[in-house]
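**Student:** Quick one, start.pdb (PDB, C-alpha atoms, pLDDT in the B column):
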ATOM      1  CA  MET Z   1      10.749  41.047  24.616  1.00 61.00           C
ATOM      2  CA  GLY Z   2       8.623  38.791  22.401  1.00 77.00           C
ATOM      3  CA  VAL Z   3       7.478  39.621  18.914  1.00 85.00           C
ATOM      4  CA  THR Z   4       4.078  41.327  18.712  1.00 93.00           C
ATOM      5  CA  SER Z   5       1.731  39.693  16.182  1.00 96.00           C
ATOM      6  CA  GLU Z   6      -1.498  41.686  16.710  1.00 96.00           C
ATOM      7  CA  PHE Z   7      -2.019  45.281  15.630  1.00 97.00           C
ATOM      8  CA  THR Z   8      -4.740  47.875  15.023  1.00 95.00           C
ATOM      9  CA  CYS Z   9      -4.972  50.463  12.278  1.00 93.00           C
ATOM     10  CA  ASP Z  10      -6.873  53.398  10.887  1.00 91.00           C
ATOM     11  CA  PRO Z  11      -9.080  51.777   8.185  1.00 89.00           C
ATOM     12  CA  ASN Z  12      -8.708  54.925   6.087  1.00 88.00           C
ATOM     13  CA  ASN Z  13      -4.928  54.961   6.217  1.00 88.00           C
ATOM     14  CA  PHE Z  14      -3.416  51.497   6.615  1.00 91.00           C
ATOM     15  CA  GLN Z  15       0.378  51.409   6.666  1.00 91.00           C
ATOM     16  CA  VAL Z  16       2.643  48.377   7.072  1.00 94.00           C
ATOM     17  CA  THR Z  17       4.974  49.044  10.002  1.00 94.00           C
ATOM     18  CA  PRO Z  18       8.439  47.606  10.766  1.00 94.00           C
ATOM     19  CA  GLU Z  19       6.837  45.713  13.664  1.00 96.00           C
ATOM     20  CA  MET Z  20       4.367  44.056  11.275  1.00 96.00           C
ATOM     21  CA  GLU Z  21       7.229  43.094   8.963  1.00 96.00           C
ATOM     22  CA  GLU Z  22       9.159  41.614  11.886  1.00 96.00           C
ATOM     23  CA  SER Z  23       6.161  39.508  12.928  1.00 97.00           C
ATOM     24  CA  TYR Z  24       5.663  38.294   9.343  1.00 97.00           C
ATOM     25  CA  LYS Z  25       9.300  37.242   9.017  1.00 96.00           C
ATOM     26  CA  LYS Z  26       9.674  35.621  12.436  1.00 96.00           C
ATOM     27  CA  MET Z  27       6.168  34.278  13.150  1.00 97.00           C
ATOM     28  CA  GLY Z  28       4.851  33.786   9.623  1.00 97.00           C
ATOM     29  CA  TYR Z  29       1.877  36.133  10.019  1.00 97.00           C
ATOM     30  CA  PHE Z  30       0.442  39.252  11.616  1.00 97.00           C
ATOM     31  CA  ILE Z  31      -3.129  40.219  12.500  1.00 97.00           C
ATOM     32  CA  VAL Z  32      -4.691  43.650  12.090  1.00 97.00           C
ATOM     33  CA  ARG Z  33      -7.851  44.229  14.112  1.00 97.00           C
ATOM     34  CA  GLY Z  34     -10.354  46.606  12.543  1.00 94.00           C
ATOM     35  CA  PHE Z  35      -8.660  46.489   9.135  1.00 95.00           C
ATOM     36  CA  LEU Z  36     -12.007  47.347   7.532  1.00 93.00           C
ATOM     37  CA  SER Z  37     -14.463  49.819   9.046  1.00 91.00           C
ATOM     38  CA  LYS Z  38     -18.024  48.669   9.759  1.00 92.00           C
ATOM     39  CA  GLU Z  39     -19.196  50.625   6.727  1.00 91.00           C
ATOM     40  CA  GLU Z  40     -16.572  49.043   4.449  1.00 91.00           C
ATOM     41  CA  LEU Z  41     -17.427  45.564   5.750  1.00 91.00           C
ATOM     42  CA  SER Z  42     -21.117  46.206   5.077  1.00 89.00           C
ATOM     43  CA  LYS Z  43     -20.395  47.100   1.444  1.00 87.00           C
ATOM     44  CA  LEU Z  44     -18.118  44.083   1.060  1.00 84.00           C
ATOM     45  CA  LYS Z  45     -20.822  41.776   2.433  1.00 83.00           C
ATOM     46  CA  THR Z  46     -23.311  43.235  -0.035  1.00 84.00           C
ATOM     47  CA  ALA Z  47     -20.945  42.519  -2.909  1.00 78.00           C
ATOM     48  CA  VAL Z  48     -19.905  38.950  -2.055  1.00 72.00           C
ATOM     49  CA  GLU Z  49     -23.372  37.849  -0.938  1.00 74.00           C
ATOM     50  CA  ASN Z  50     -24.850  38.949  -4.265  1.00 67.00           C
ATOM     51  CA  GLU Z  51     -26.195  36.027  -6.307  1.00 61.00           C
ATOM     52  CA  ASN Z  52     -24.052  37.010  -9.316  1.00 59.00           C
ATOM     53  CA  PHE Z  53     -20.955  36.449  -7.178  1.00 54.00           C
ATOM     54  CA  ILE Z  54     -22.151  33.377  -5.297  1.00 51.00           C
ATOM     55  CA  LYS Z  55     -22.971  31.393  -8.430  1.00 53.00           C
ATOM     56  CA  HIS Z  56     -19.254  31.182  -9.229  1.00 47.00           C
ATOM     57  CA  GLY Z  57     -18.477  29.524  -5.892  1.00 48.00           C
ATOM     58  CA  TYR Z  58     -17.343  25.927  -5.263  1.00 42.00           C
ATOM     59  CA  GLY Z  59     -16.630  23.615  -2.385  1.00 40.00           C
ATOM     60  CA  LEU Z  60       4.766  41.023   2.676  1.00 79.00           C
ATOM     61  CA  LEU Z  61       6.929  40.085   0.089  1.00 84.00           C
ATOM     62  CA  GLY Z  62       9.353  42.809  -0.919  1.00 81.00           C
ATOM     63  CA  GLY Z  63       9.685  44.181  -4.431  1.00 87.00           C
ATOM     64  CA  GLU Z  64       6.837  44.425  -6.922  1.00 91.00           C
ATOM     65  CA  VAL Z  65       3.821  42.237  -6.187  1.00 92.00           C
ATOM     66  CA  TYR Z  66       0.686  41.375  -8.118  1.00 91.00           C
ATOM     67  CA  HIS Z  67      -2.730  39.947  -7.333  1.00 91.00           C
ATOM     68  CA  TYR Z  68      -2.510  36.176  -7.840  1.00 91.00           C
ATOM     69  CA  HIS Z  69      -6.175  35.388  -7.137  1.00 88.00           C
ATOM     70  CA  THR Z  70      -8.919  35.770  -4.516  1.00 89.00           C
ATOM     71  CA  LYS Z  71     -11.069  33.063  -2.920  1.00 88.00           C
ATOM     72  CA  LEU Z  72     -14.391  33.384  -1.109  1.00 87.00           C
ATOM     73  CA  MET Z  73     -14.560  30.561   1.451  1.00 87.00           C
ATOM     74  CA  CYS Z  74     -18.152  29.757   2.440  1.00 86.00           C
ATOM     75  CA  LYS Z  75     -18.861  27.618   5.498  1.00 89.00           C
ATOM     76  CA  ALA Z  76     -22.562  27.041   5.983  1.00 89.00           C
ATOM     77  CA  PRO Z  77     -24.082  26.842   9.498  1.00 92.00           C
ATOM     78  CA  ARG Z  78     -23.866  23.448  11.214  1.00 88.00           C
ATOM     79  CA  LYS Z  79     -22.066  21.744   8.328  1.00 79.00           C
ATOM     80  CA  GLY Z  80     -19.369  23.934   6.807  1.00 67.00           C
ATOM     81  CA  GLY Z  81     -16.428  21.729   5.847  1.00 74.00           C
ATOM     82  CA  GLU Z  82     -13.279  20.781   7.670  1.00 77.00           C
ATOM     83  CA  HIS Z  83      -9.917  21.284   5.960  1.00 81.00           C
ATOM     84  CA  PHE Z  84      -6.666  19.384   6.436  1.00 87.00           C
ATOM     85  CA  TRP Z  85      -3.412  20.934   7.626  1.00 94.00           C
ATOM     86  CA  HIS Z  86      -1.683  22.416   4.599  1.00 94.00           C
ATOM     87  CA  GLN Z  87       0.607  25.101   3.248  1.00 96.00           C
ATOM     88  CA  ASP Z  88      -0.633  27.227   0.371  1.00 94.00           C
ATOM     89  CA  TYR Z  89       2.751  26.773  -1.264  1.00 94.00           C
ATOM     90  CA  GLY Z  90       2.077  23.049  -1.207  1.00 90.00           C
ATOM     91  CA  TYR Z  91      -0.364  23.828  -4.039  1.00 87.00           C
ATOM     92  CA  TRP Z  92       1.249  26.857  -5.639  1.00 92.00           C
ATOM     93  CA  TYR Z  93       4.593  25.061  -5.982  1.00 91.00           C
ATOM     94  CA  LYS Z  94       2.812  22.704  -8.394  1.00 88.00           C
ATOM     95  CA  ASN Z  95       1.534  25.709 -10.339  1.00 89.00           C
ATOM     96  CA  GLY Z  96       5.065  26.663 -11.309  1.00 92.00           C
ATOM     97  CA  CYS Z  97       5.858  29.251  -8.617  1.00 94.00           C
ATOM     98  CA  LEU Z  98       9.567  28.576  -8.087  1.00 95.00           C
ATOM     99  CA  PHE Z  99       9.940  30.428  -4.785  1.00 96.00           C
ATOM    100  CA  PRO Z 100       7.702  30.749  -1.681  1.00 96.00           C
ATOM    101  CA  ASP Z 101       7.302  34.489  -2.282  1.00 96.00           C
ATOM    102  CA  LEU Z 102       3.522  34.540  -1.882  1.00 96.00           C
ATOM    103  CA  MET Z 103       1.204  35.782   0.834  1.00 96.00           C
ATOM    104  CA  SER Z 104      -2.501  35.517   1.662  1.00 96.00           C
ATOM    105  CA  ALA Z 105      -4.797  37.944   3.490  1.00 96.00           C
ATOM    106  CA  PHE Z 106      -7.653  36.191   5.314  1.00 96.00           C
ATOM    107  CA  ILE Z 107     -10.511  38.694   5.831  1.00 95.00           C
ATOM    108  CA  PRO Z 108     -13.581  37.381   7.697  1.00 94.00           C
ATOM    109  CA  ILE Z 109     -16.908  38.567   6.344  1.00 93.00           C
ATOM    110  CA  ASP Z 110     -18.567  37.058   9.420  1.00 93.00           C
ATOM    111  CA  ARG Z 111     -17.366  36.464  12.961  1.00 94.00           C
ATOM    112  CA  CYS Z 112     -14.705  33.723  12.969  1.00 94.00           C
ATOM    113  CA  VAL Z 113     -14.486  31.726  16.224  1.00 95.00           C
ATOM    114  CA  LYS Z 114     -13.713  28.132  17.230  1.00 95.00           C
ATOM    115  CA  GLU Z 115     -17.350  27.049  16.931  1.00 94.00           C
ATOM    116  CA  SER Z 116     -17.648  28.382  13.384  1.00 94.00           C
ATOM    117  CA  GLY Z 117     -14.389  26.811  12.201  1.00 93.00           C
ATOM    118  CA  CYS Z 118     -11.899  29.659  12.541  1.00 94.00           C
ATOM    119  CA  LEU Z 119      -8.430  29.537  11.043  1.00 95.00           C
ATOM    120  CA  GLN Z 120      -5.852  27.540  13.004  1.00 97.00           C
ATOM    121  CA  ILE Z 121      -2.114  28.015  12.511  1.00 98.00           C
ATOM    122  CA  LEU Z 122       1.201  26.563  13.636  1.00 98.00           C
ATOM    123  CA  GLU Z 123       3.166  29.647  14.562  1.00 97.00           C
ATOM    124  CA  LYS Z 124       6.658  29.874  12.988  1.00 97.00           C
ATOM    125  CA  SER Z 125       6.019  26.778  10.838  1.00 97.00           C
ATOM    126  CA  HIS Z 126       6.804  28.815   7.707  1.00 97.00           C
ATOM    127  CA  LEU Z 127      10.457  28.509   8.686  1.00 97.00           C
ATOM    128  CA  CYS Z 128      10.461  24.742   8.062  1.00 95.00           C
ATOM    129  CA  GLY Z 129      10.145  25.156   4.288  1.00 94.00           C
ATOM    130  CA  ARG Z 130       7.756  23.368   1.959  1.00 95.00           C
ATOM    131  CA  ILE Z 131       6.368  20.042   3.210  1.00 95.00           C
ATOM    132  CA  ASP Z 132       5.294  17.217   0.919  1.00 92.00           C
ATOM    133  CA  HIS Z 133       1.537  17.280   0.198  1.00 89.00           C
ATOM    134  CA  THR Z 134      -0.551  14.284  -0.860  1.00 84.00           C
ATOM    135  CA  MET Z 135      -4.179  13.645  -1.760  1.00 79.00           C
ATOM    136  CA  SER Z 136      -6.422  11.961   0.824  1.00 71.00           C
ATOM    137  CA  ALA Z 137     -10.233  11.826   1.105  1.00 66.00           C
ATOM    138  CA  GLY Z 138     -10.619  14.360  -1.671  1.00 67.00           C
ATOM    139  CA  GLN Z 139      -8.258  16.919  -0.170  1.00 75.00           C
ATOM    140  CA  THR Z 140      -4.585  17.706  -0.578  1.00 78.00           C
ATOM    141  CA  GLY Z 141      -2.882  18.005   2.784  1.00 89.00           C
ATOM    142  CA  ALA Z 142       0.572  18.169   4.318  1.00 92.00           C
ATOM    143  CA  ASP Z 143       2.432  15.067   5.523  1.00 92.00           C
ATOM    144  CA  LEU Z 144       0.700  14.459   8.860  1.00 91.00           C
ATOM    145  CA  LYS Z 145       3.735  12.822  10.492  1.00 94.00           C
ATOM    146  CA  ARG Z 146       5.750  15.962   9.803  1.00 94.00           C
ATOM    147  CA  VAL Z 147       2.869  18.145  11.033  1.00 95.00           C
ATOM    148  CA  GLU Z 148       2.684  16.226  14.324  1.00 95.00           C
ATOM    149  CA  GLU Z 149       6.415  16.705  14.877  1.00 96.00           C
ATOM    150  CA  LEU Z 150       6.130  20.419  14.120  1.00 97.00           C
ATOM    151  CA  LYS Z 151       3.319  20.755  16.661  1.00 96.00           C
ATOM    152  CA  LYS Z 152       5.877  19.914  19.339  1.00 97.00           C
ATOM    153  CA  THR Z 153       7.849  23.083  18.616  1.00 96.00           C
ATOM    154  CA  CYS Z 154       5.435  25.411  16.788  1.00 97.00           C
ATOM    155  CA  PRO Z 155       2.585  26.785  18.958  1.00 97.00           C
ATOM    156  CA  HIS Z 156      -0.860  25.749  17.731  1.00 97.00           C
ATOM    157  CA  LYS Z 157      -3.130  28.810  17.736  1.00 97.00           C
ATOM    158  CA  PHE Z 158      -6.810  29.395  17.017  1.00 97.00           C
ATOM    159  CA  VAL Z 159      -7.129  32.714  15.187  1.00 97.00           C
ATOM    160  CA  GLU Z 160     -10.485  34.096  16.307  1.00 97.00           C
ATOM    161  CA  MET Z 161     -11.471  37.264  14.471  1.00 97.00           C
ATOM    162  CA  GLU Z 162     -14.358  39.640  13.995  1.00 96.00           C
ATOM    163  CA  GLY Z 163     -15.674  40.594  10.577  1.00 94.00           C
ATOM    164  CA  GLY Z 164     -13.329  43.185   9.075  1.00 93.00           C
ATOM    165  CA  ASP Z 165     -10.193  41.972  10.865  1.00 96.00           C
ATOM    166  CA  VAL Z 166      -7.400  40.485   8.752  1.00 96.00           C
ATOM    167  CA  ILE Z 167      -4.508  38.075   9.114  1.00 97.00           C
ATOM    168  CA  PHE Z 168      -1.681  38.296   6.587  1.00 97.00           C
ATOM    169  CA  PHE Z 169       0.226  35.009   6.433  1.00 97.00           C
ATOM    170  CA  HIS Z 170       3.168  33.424   4.624  1.00 97.00           C
ATOM    171  CA  CYS Z 171       2.492  30.773   1.983  1.00 97.00           C
ATOM    172  CA  ASN Z 172       4.474  28.166   3.973  1.00 97.00           C
ATOM    173  CA  LEU Z 173       2.625  28.755   7.255  1.00 98.00           C
ATOM    174  CA  LEU Z 174       0.781  25.548   8.150  1.00 97.00           C
ATOM    175  CA  HIS Z 175      -2.918  26.155   8.712  1.00 96.00           C
ATOM    176  CA  THR Z 176      -6.223  24.335   8.925  1.00 95.00           C
ATOM    177  CA  SER Z 177      -9.824  24.871  10.010  1.00 94.00           C
ATOM    178  CA  SER Z 178     -12.509  22.644  11.493  1.00 92.00           C
ATOM    179  CA  ALA Z 179     -16.165  22.272  10.549  1.00 91.00           C
ATOM    180  CA  ASN Z 180     -18.651  25.033  11.326  1.00 92.00           C
ATOM    181  CA  VAL Z 181     -20.831  23.674  14.151  1.00 93.00           C
ATOM    182  CA  SER Z 182     -22.349  27.067  14.993  1.00 93.00           C
ATOM    183  CA  GLU Z 183     -25.744  28.438  13.975  1.00 92.00           C
ATOM    184  CA  SER Z 184     -24.145  31.154  11.828  1.00 92.00           C
ATOM    185  CA  LYS Z 185     -22.430  31.059   8.455  1.00 91.00           C
ATOM    186  CA  ARG Z 186     -18.677  31.668   8.290  1.00 91.00           C
ATOM    187  CA  TRP Z 187     -17.551  33.378   5.118  1.00 91.00           C
ATOM    188  CA  ALA Z 188     -14.096  34.809   4.476  1.00 92.00           C
ATOM    189  CA  LEU Z 189     -12.482  36.593   1.552  1.00 93.00           C
ATOM    190  CA  ILE Z 190      -8.874  35.558   0.866  1.00 94.00           C
ATOM    191  CA  PRO Z 191      -6.837  37.591  -1.627  1.00 93.00           C
ATOM    192  CA  ALA Z 192      -3.426  36.079  -2.481  1.00 94.00           C
ATOM    193  CA  PHE Z 193      -0.406  37.977  -3.786  1.00 94.00           C
ATOM    194  CA  ASN Z 194       2.762  36.906  -5.578  1.00 94.00           C
ATOM    195  CA  LYS Z 195       6.039  38.678  -6.363  1.00 94.00           C
ATOM    196  CA  ALA Z 196       6.367  39.793  -9.965  1.00 93.00           C
ATOM    197  CA  SER Z 197       9.795  38.145 -10.054  1.00 95.00           C
ATOM    198  CA  ASN Z 198       8.132  34.843  -9.054  1.00 95.00           C
ATOM    199  CA  ASN Z 199       5.829  34.704 -12.083  1.00 93.00           C
ATOM    200  CA  PRO Z 200       4.815  31.018 -12.555  1.00 93.00           C
ATOM    201  CA  VAL Z 201       6.932  29.273 -15.176  1.00 92.00           C
ATOM    202  CA  TYR Z 202       3.912  27.862 -16.985  1.00 87.00           C
ATOM    203  CA  GLN Z 203       0.288  28.766 -17.627  1.00 85.00           C
ATOM    204  CA  HIS Z 204      -2.283  27.346 -15.211  1.00 77.00           C
ATOM    205  CA  HIS Z 205      -5.708  28.104 -13.724  1.00 78.00           C
ATOM    206  CA  HIS Z 206      -4.503  31.212 -11.826  1.00 80.00           C
ATOM    207  CA  PRO Z 207      -3.292  34.411 -13.549  1.00 78.00           C
ATOM    208  CA  GLN Z 208       0.236  35.044 -14.683  1.00 85.00           C
ATOM    209  CA  TYR Z 209       1.864  38.358 -13.764  1.00 88.00           C
ATOM    210  CA  THR Z 210      -0.349  41.400 -14.304  1.00 87.00           C
ATOM    211  CA  PRO Z 211       0.715  44.840 -12.998  1.00 88.00           C
ATOM    212  CA  LEU Z 212      -1.078  45.777  -9.788  1.00 84.00           C
ATOM    213  CA  HIS Z 213      -2.577  49.262  -9.729  1.00 82.00           C
ATOM    214  CA  LYS Z 214      -3.089  50.421  -6.148  1.00 83.00           C
ATOM    215  CA  VAL Z 215      -6.219  52.393  -5.342  1.00 81.00           C
ATOM    216  CA  PRO Z 216      -6.949  54.717  -2.380  1.00 84.00           C
ATOM    217  CA  ASP Z 217      -8.159  53.263   0.930  1.00 85.00           C
ATOM    218  CA  SER Z 218     -11.432  55.074   0.276  1.00 83.00           C
ATOM    219  CA  SER Z 219     -12.188  52.973  -2.828  1.00 79.00           C
ATOM    220  CA  ILE Z 220     -14.500  50.471  -1.103  1.00 82.00           C
ATOM    221  CA  MET Z 221     -16.741  53.247   0.163  1.00 85.00           C
ATOM    222  CA  SER Z 222     -16.750  55.082  -3.160  1.00 85.00           C
ATOM    223  CA  CYS Z 223     -17.586  51.965  -5.168  1.00 80.00           C
ATOM    224  CA  ASP Z 224     -21.230  51.693  -6.228  1.00 79.00           C
ATOM    225  CA  ASN Z 225     -20.923  48.487  -8.276  1.00 76.00           C
ATOM    226  CA  MET Z 226     -22.333  45.694  -6.137  1.00 71.00           C
ATOM    227  CA  ASP Z 227     -23.262  43.116  -8.775  1.00 70.00           C
ATOM    228  CA  ASP Z 228     -21.647  43.761 -12.161  1.00 69.00           C
ATOM    229  CA  LEU Z 229     -18.867  41.203 -12.643  1.00 67.00           C
ATOM    230  CA  SER Z 230     -18.026  42.120 -16.233  1.00 70.00           C
ATOM    231  CA  GLY Z 231     -14.405  41.407 -17.065  1.00 66.00           C
ATOM    232  CA  LYS Z 232     -13.898  39.116 -14.059  1.00 63.00           C
ATOM    233  CA  ASP Z 233     -12.609  35.554 -14.474  1.00 65.00           C
ATOM    234  CA  PHE Z 234     -13.591  32.761 -12.092  1.00 61.00           C
ATOM    235  CA  ASN Z 235     -11.746  29.546 -11.349  1.00 62.00           C
ATOM    236  CA  VAL Z 236     -13.202  26.362 -12.833  1.00 60.00           C
ATOM    237  CA  PRO Z 237     -12.566  23.448 -10.404  1.00 58.00           C
ATOM    238  CA  ALA Z 238     -12.199  20.942 -13.243  1.00 59.00           C
ATOM    239  CA  GLU Z 239      -9.249  22.943 -14.570  1.00 58.00           C
ATOM    240  CA  ASP Z 240      -7.391  22.946 -11.225  1.00 55.00           C
ATOM    241  CA  LYS Z 241      -4.798  20.167 -11.502  1.00 54.00           C
ATOM    242  CA  THR Z 242      -3.449  20.479  -7.956  1.00 54.00           C
ATOM    243  CA  VAL Z 243      -6.451  19.635  -5.771  1.00 52.00           C
ATOM    244  CA  SER Z 244     -10.059  18.544  -5.791  1.00 49.00           C
ATOM    245  CA  VAL Z 245     -11.093  20.254  -2.542  1.00 45.00           C
ATOM    246  CA  ARG Z 246      -9.243  23.035  -0.799  1.00 48.00           C
ATOM    247  CA  GLY Z 247      -9.746  25.830   1.689  1.00 55.00           C
ATOM    248  CA  HIS Z 248      -9.104  27.551   5.014  1.00 64.00           C
TER     249      HIS Z 248
END
Could I get this file's structure written as structure tokens?

**Tutor:**
Amino acid sequence: MGVTSEFTCDPNNFQVTPEMEESYKKMGYFIVRGFLSKEELSKLKTAVENENFIKHGYGLLGGEVYHYHTKLMCKAPRKGGEHFWHQDYGYWYKNGCLFPDLMSAFIPIDRCVKESGCLQILEKSHLCGRIDHTMSAGQTGADLKRVEELKKTCPHKFVEMEGGDVIFFHCNLLHTSSANVSESKRWALIPAFNKASNNPVYQHHHPQYTPLHKVPDSSIMSCDNMDDLSGKDFNVPAEDKTVSVRGH
């Protein structure tokens, strides 16, 4: 039997299962449909679409983990940008993370389909290790010759998702996304996590290790702060030494 990569969950009681772990290790990702309830998604949309949040915008690991950073990727209707094939570790390696012990969670705020520039992945490509990344046309992308060879053995998949779904993926999984040619915006929230033992060896524009304090699954619904960003730090593009444009 093949490895299952799509799952559902109770939004009020999400638990990582052995089957999810198997998919992450063998395929490089797993998808959870309905990860957020409609009510949770509504509150999340209210928070990230608030002008105080937007003004800061610009173009399963094992052991203890911590929150590395979170991105809000905003693709506008009919023009949202295209991104080159890349591995997140292609960037994070340059930040001083010695091992590929990082993971991202891609959570669509809006419907994510081919027309709106959904995430595309090369399944199992995380097993090939880190690929050389170079700058071209303002973006840092993976060696395209190597990517084309990997396409011959790693299935190319379009990850279409509804708002509130999630895909957890390995930092070496090759991924890309095309321009948004639809009439709707395509926003996605992307928290990234690192192992505490993989704390970057030098200071950079993302946080060093900070203990992660888990909160109950009910915390989104109980939160009434939609616009106060006191105590939050935002990335300054000019301080990012690894890329000039980057995304999913």

**Student:** If I put a ball of radius 8 Å at (6.9, 41.6, 3.6) in the file's coordinates, which residues poke into it when counting only C-alpha atoms, written as a CSV table (one decimal) with C-alpha atoms, in the coordinates of the input?

**Tutor:**
chain,number,residue,atom,x,y,z
Z,21,GLU,CA,7.2,43.1,9.0
Z,24,TYR,CA,5.7,38.3,9.3
Z,25,LYS,CA,9.3,37.2,9.0
Z,60,LEU,CA,4.8,41.0,2.7
Z,61,LEU,CA,6.9,40.1,0.1
Z,62,GLY,CA,9.4,42.8,-0.9

**Student:** With distances taken over only C-alpha atoms, which residue among Z:Ser42, Z:His69, Z:Val3, Z:Gln15 lies nearest Met226 of chain Z?

**Tutor:** Z:Ser42

**Student:** Between Z:Cys118, Z:Arg146, Z:Phe35, Z:Gly28, which is the closest to Val16 of chain Z once you count all atoms listed in the file?

**Tutor:**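 Once distances to Val16 of chain Z are computed over all atoms listed in the file, the minimum belongs to Z:Phe35.
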
**Student:** Using all atoms listed in the file, which residue out of Z:His213, Z:His175, Z:His156, Z:Arg78 lies closest to Phe106 of chain Z?

**Tutor:**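 Among the listed residues, the smallest separation from Phe106 of chain Z belongs to Z:His175.
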
**Student:** Mind checking which residues fall within 8 Å of Phe169 of chain Z, counting all atoms listed in the file, ignoring those fewer than 3 positions away in the same chain, and posting them as a list in words?

**Tutor:**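 Here the qualifying residues turn out to be Tyr24, Gly28, Tyr29, Phe30, Met103, Ser104, Ala105 and Leu173 of chain Z.
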
**Student:** For Met221 of chain Z, which residue among Z:Leu122, Z:Leu41, Z:Ala196, Z:Ile131 is the nearest when counting all atoms listed in the file?

**Tutor:**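 With all atoms listed in the file as the atom set, the closest residue is Z:Leu41.
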
**Student:** What does the structure give for the distance between atom CA of Gln203 of chain Z and atom CA of Gln87 of chain Z, in Å to one decimal?

**Tutor:**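 We find that atom CA of Gln203 of chain Z and atom CA of Gln87 of chain Z lie 21.2 Å from each other.
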
**Student:** Do you have the atom CA of Lys75 of chain Z-atom CA of Val166 of chain Z distance handy?

**Tutor:**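 Those two atoms sit 17.5 Å apart.
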
**Student:** Please identify all polymer residues within 7 Å of Ala76 of chain Z, counting all atoms listed in the file, omitting same-chain residues fewer than 5 positions from it, and present them as a list in words.

**Tutor:**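 Everything that qualifies: Asn180, Lys185 and Arg186 of chain Z.
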
**Student:** Which residue gives the smallest distance to Cys154 of chain Z among Z:Ser125, Z:Arg33, Z:Leu119, Z:Lys79, with all atoms listed in the file counted?

**Tutor:**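 Selected residue with least distance to Cys154 of chain Z: Z:Ser125.
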
**Student:** What is the atom CA of Leu44 of chain Z-atom CA of Gly117 of chain Z distance in Å, reported with one decimal?

**Tutor:**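 About the pair atom CA of Leu44 of chain Z and atom CA of Gly117 of chain Z: they are 20.9 Å apart.
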
**Student:** I need the output of the PyMOL selection byres ((chain Z and resi 67) around 9) for this file as a list of chain:residue names; which residues are they?

**Tutor:**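 Selected by the PyMOL selection byres ((chain Z and resi 67) around 9) here: Z:Val65, Z:Tyr66, Z:Tyr68, Z:His69, Z:Thr70, Z:Pro191, Z:Ala192, Z:Phe193, Z:Asn194, Z:Lys195, Z:Pro207, Z:Tyr209, Z:Thr210, Z:Pro211, Z:Leu212.
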
**Student:** Go through Z:Phe7, Z:Asn12, Z:Glu49, Z:Asp227 and flag the residue nearest Val215 of chain Z, using only C-alpha atoms for the distances.

**Tutor:**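 The shortest atom-to-atom distance to Val215 of chain Z comes from Z:Asn12.
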